[in-house]
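K.L.:
Sharing a structure with you now.
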Amino acid sequence: MTETLFLTSDDVSGLATPAEYVEAVREGYRQRGDGAPAEPRTKLLNRDPPGMFTTYAAVLPDTGAMGGYMYSAGFGATDAWFMTPLFDAESGEPLALLDGASMNPFKTGAAGGVAVDVLAREDASSVALIGSGAQARGQIRAIDAVRDLESVWVYSPTKESREQFAGEMDRHLDASVAAVASSAAAVEGADIVVTATTASEPVFDGDLLEPGTHVTAMGQYHPNKRELDTTTIERAKYVPDLRERATMDAGSFLAAVEEGVVDEDHIYAELGDVVAETVPGREDDEEITVFDSGGTGIETVAAAYMLYEKARDEGLGTAIDFSPASESLTGE
């Protein structure tokens, strides 16, 4: 038997700051750039009842942890459930099992924060945020941890939602946060543009992007999900979280390839390559850069291990027992 720590969503909620998530995830992507293994998501669809079961994984040798995400969405519960198993990367023993729901926006946001730090201009101070849900909240909190923000313009289709979100974030951030009536009004003049939606059609016109803008798109994890238009893809230095995912389920990139605007050579590098300084990130103040964030085990394992260590130090969680195969595979 080995003792494993079970952490509920309440155990890990508020356990780490956005800056701590960013630093943990930055180190995870640095390891990926140095060769740590990670795989894109595997998605299984069920027709009746309609639902989706998704997994992805990574090994972070320097962190000493490996694991990933398993989550279901839909089915009879018409909801989503997130589970994060975490293993010791040296012994292989299970370390922890986390309810991954409350960490989800922050670990995903942290990947966006890392991308902003290595791809956005150092003087970037204004953000256009398209979307007003939990993922948008995670993105803007992480960006605030890596840039000195002055203004944030928020757009989502529902007036009440964007105004409520802007009011909440205005209290959390030192920056001025305001809701605007269109995506164009948000994007024009912004140094950083973030799309945190479930859109199947582009949510802004790429011609509106000023030279030097950085874009993070995090809602493009299916060929039919497409937040960015072909103009944005064509104009940008394009950096996905995983190169393999870009040609598998990155909807906007796939659409641009299909329309003949770009080919696979347009993929500049993975985020990990930039973080590890294998290749340069932003090379001048006029470049437009795009980080395509579809979700990986890299940020999941990095964030989960950071939370596991903090929870263990604070005496949080419940110990559960796992049996090794040598004891339990008896054949009886």
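Residues in the structure tokens are named by chain (A, B, ... in the order shown) and by number from 1 within that chain; ligands are numbered from 1 in the order shown.
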Would you list, as a ChimeraX atom specification, the residues of range 187-320 of chain A that end up in helix (DSSP H, G or I) under DSSP run on this structure's backbone?
P.N.:
/A:187,206-208,230-235,243-246,251-258,264-266,271-275,297-313
K.L.:
Mind running range 33-139 of chain A against range 9-16 of chain A at 7 Å and telling me each contacting residue's nearest atom pair with the distance in Å (one decimal), counting only C-alpha atoms, chain and number ascending, as a tab-separated table?
P.N.:
```
residue	atom	partner	partner_atom	distance
A:Asp99	CA	A:Ser9	CA	5.1
A:Gly100	CA	A:Ser9	CA	6.5
A:Ala101	CA	A:Ser9	CA	6.2
A:Ser102	CA	A:Ser9	CA	5.5
A:Met103	CA	A:Ser13	CA	6.8
```
K.L.:
List as a tab-separated table every residue of range 218-252 of chain A that is in contact with range 19-31 of chain A, defined as an atom at most 12 Å from one of its atoms (using only C-alpha atoms), together with the nearest atom pair and the distance in Å rounded to one decimal, sorted by chain and then rising number.
P.N.:
```
residue	atom	partner	partner_atom	distance
A:Pro240	CA	A:Tyr29	CA	11.7
A:Asp241	CA	A:Tyr29	CA	8.7
A:Leu242	CA	A:Tyr29	CA	10.2
```
K.L.:
Rank nothing, just name the residue among A:Ser293, A:Ser132, A:Pro49, A:Ala58 nearest to Lys159 in chain A, using only C-alpha atoms.
P.N.:
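With only C-alpha atoms as the atom set, the closest residue is A:Ser132.
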K.L.:
Could you tell me how far CA of Val279 in chain A lies from CA of Arg41 in chain A, in Å and to one decimal?
P.N.:
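Atom-to-atom, CA of Val279 in chain A and CA of Arg41 in chain A are spaced 24.9 Å apart.
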K.L.:
For Arg171 in chain A, which residue out of A:Arg141, A:Arg245, A:Tyr56, A:Met83 is the nearest one, using only C-alpha atoms?
P.N.:
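The closest residue to Arg171 in chain A is A:Arg141.
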K.L.:
Pick from A:Pro280, A:Pro85, A:Gly133, A:Gly272: nearest to Leu7 in chain A, with only C-alpha atoms counted?
P.N.:
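Of A:Pro280, A:Pro85, A:Gly133, A:Gly272, the one nearest Leu7 in chain A is A:Pro85, counting only C-alpha atoms.
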K.L.:
Tell me, which residues of range 36-171 of chain A carry DSSP strand (DSSP E or B), written as a ChimeraX atom specification?
P.N.:
/A:38,42-46,51-60,65-74,79-88,94-99,126-130,151-155
K.L.:
Check the smallest atom-to-atom distance from each of A:Ala120, A:Ala190, A:Ala73, A:Ala179 to Asn46 in chain A using only C-alpha atoms, then report the winner.
P.N.:
A:Ala73
K.L.:
Report the closest atom pair, with its distance in Å rounded to one decimal, for each residue of range 135-156 of chain A that has an atom no farther than 12 Å from range 219-231 of chain A; count only C-alpha atoms, sort by chain and then rising residue number, and write it as a tab-separated table.
P.N.:
```
residue	atom	partner	partner_atom	distance
A:Gln135	CA	A:Gly219	CA	9.3
A:Ala136	CA	A:Gly219	CA	10.4
A:Gln139	CA	A:Gly219	CA	11.8
```
